[in-house]
Amino acid sequence: MSKLISLLLLIIITSGIAQDKSPNIILMIGDGMGLTQISSGMYANKNSTALEGFEFIGLSKTHAFDQLITDSAASGTAMASGVKTYNGVIGIDTKNKSIKSILEICQDKGYKTALLATSSIVHATPASFYANIPSRRQYQDIALQLREHSVDLFIGGGKKHFNKRDDKRNLIEEMNNYHFVKSLEELSSSESKKIGYLTYKDEPPTKLEGRSPALEDMASSSIKKMKSLGEPFFMMIEGSQIDWGGHSNDMDYVLSEFKEFNTTIQRVLNYAKSDGNTLVIVTADHETGGLTLSGGNIKRGTAKGTFSTKGHSAAMVPVFSYGPKAELFKGIYENTAIFDKMLKAVTK
Ligand code: MG
Ligand code: ZN
């Protein structure tokens with residue numbers, strides 16, 4: 001009898017511990033992925049998207065500090081650090097003060113961290129999580145800030161900003177506590193605690209042009225790596241080029257980039273469902289192209305788009321959430337609240 005009681009006590013205590021464990025956070029940003037991009041991608045995929053598997057849906061107001069239409073630097077900063085700032089600015093508020101990102105706050109709490117992008121790793125969205133810089137165009141300076149940072153794992157293009165620099169420094173050589181790998185296989189077998197994978201010299205090509213590795217494989221390999229380094233972890237995964245398809249007013253470009261991002265979302269969601277302690281948030285920094293879904297065919301899996309601008313638009317963007325504290329993300333709120341809600345999820 002007393003054995004039974006102590007067993008019951010043990011179960012109660014350990015389940016209590018399991019609930020108290022800080023959750024992993026995977027923040028997925030589809031750059032330029034408004035509701036129409038999602039709708040188009042869904043119909044092009046015969047009326048189905050991984051986003052249907054999420055628990056809660058919210059809407060995020062994307063405007064910058066003083067402009068209705070944001071860029072990816074201001075909105076990246078808003079989500080990463082909870083502050084509205086000027087367009088073009090990364091990780092600095094309107095009083096010129098550098099601000100901490102959720103990635104860095106998580107690091108302070110003992111989280112492992114990872115950044116994955118289908119753009120260069122020094123591009124505005126990923127940079128918002130580790131850089132503080134007055135102009136997003138200062139790619140070489142942003143690379144220098146990554147060199148001085150301690151992100152555990154990063155994957156993205158833009159190698160030239162590290163090893164073909166005006167100051168002649170070779171940051172890849174300088175970052176000698178990192179293992180710079182050349183494939184996901186090498187990443188998986190690496191025993192290093194810090195890993196960098198610079199996928200392309202410049203910006204990576206489009207999915208249609210054959211960009212590799214696939215984002216879903218980058219995500220799977222990275223999740224495995226993070227788990228091996230020790231939990232909990234914070235990971236940001238960006239589908240960077242949905243935005244570039246919008247700027248080019250090229251529907252095939254938008255749909256193919258969304259398709260890869262959608263596959264990645266499904267992978268991540270499957271992982272979160274099996275893990276049980278991973279919060280997944282999928283959103284966008286803004287809409288790009290002022291896209292309307294003006295025709296198509298569900299059976300044939302086609303979607304016809306009409307663009308109204310070569311730039312961004314100011315429409316609210318959806319936020320999908322799954323996992324512990326996912327309910328925080330329902331409702332209508334400023335994009336800065338995404339930071340506040342993630343902070344709440346990691347603070348006991
Ligand atoms: Mg971006
Ligand atoms: Zn853009």
# chains A, B, ... in the order shown; residues from 1 in each chain; ligands from 1
>>> residues_near_ligand(ligand="ligand 1", cutoff="10 Å", atoms="only C-alpha atoms and all ligand atoms", output="NGL selection string")
:A and (29-32 or 71-73 or 75-76 or 117-128 or 238-244 or 284-286)
>>> select_by_dssp(residues="region 204-288 of chain A", states="strand (DSSP E)", output="compact mmCIF listing (two decimals) with C-alpha atoms, in the first residue's frame")
# COMPACT_ATOMS: atom_id res chain seq x y z
CA PHE A 233 15.62 25.92 -27.20
CA PHE A 234 14.47 28.99 -29.12
CA MET A 235 14.48 28.75 -32.89
CA MET A 236 13.48 31.26 -35.56
CA ILE A 237 12.76 29.85 -39.02
CA GLU A 238 12.19 32.31 -41.85
CA GLY A 239 10.62 31.60 -45.23
CA THR A 278 7.06 23.11 -27.85
CA LEU A 279 5.26 26.35 -28.61
CA VAL A 280 5.04 27.02 -32.36
CA ILE A 281 4.09 30.44 -33.68
CA VAL A 282 3.68 31.08 -37.40
CA THR A 283 3.24 34.62 -38.64
CA GLU A 287 2.15 41.49 -46.53
CA THR A 288 3.99 42.04 -49.81
>>> closest_residue(among="A:Lys227, A:Lys310, A:Lys259, A:His161", to="ligand 2", atoms="only C-alpha atoms and all ligand atoms")
A:Lys310
>>> residues_around(residues="region 131-136 of chain A", least_positions_apart="2", cutoff="12 Å", atoms="only C-alpha atoms", output="count of residues only")
50
>>> closest_residue(among="A:Gly41, A:Gly290, A:Pro324, A:Pro204", to="ligand 2", atoms="only C-alpha atoms and all ligand atoms")
A:Gly290
>>> residues_around(residues="Gly295 (chain A)", least_positions_apart="3", cutoff="7 Å", atoms="only C-alpha atoms", output="ChimeraX atom specification")
/A:303-305
>>> residues_around(residues="Asp252 (chain A)", least_positions_apart="5", cutoff="9 Å", atoms="only C-alpha atoms", output="ChimeraX atom specification")
/A:208,245,257
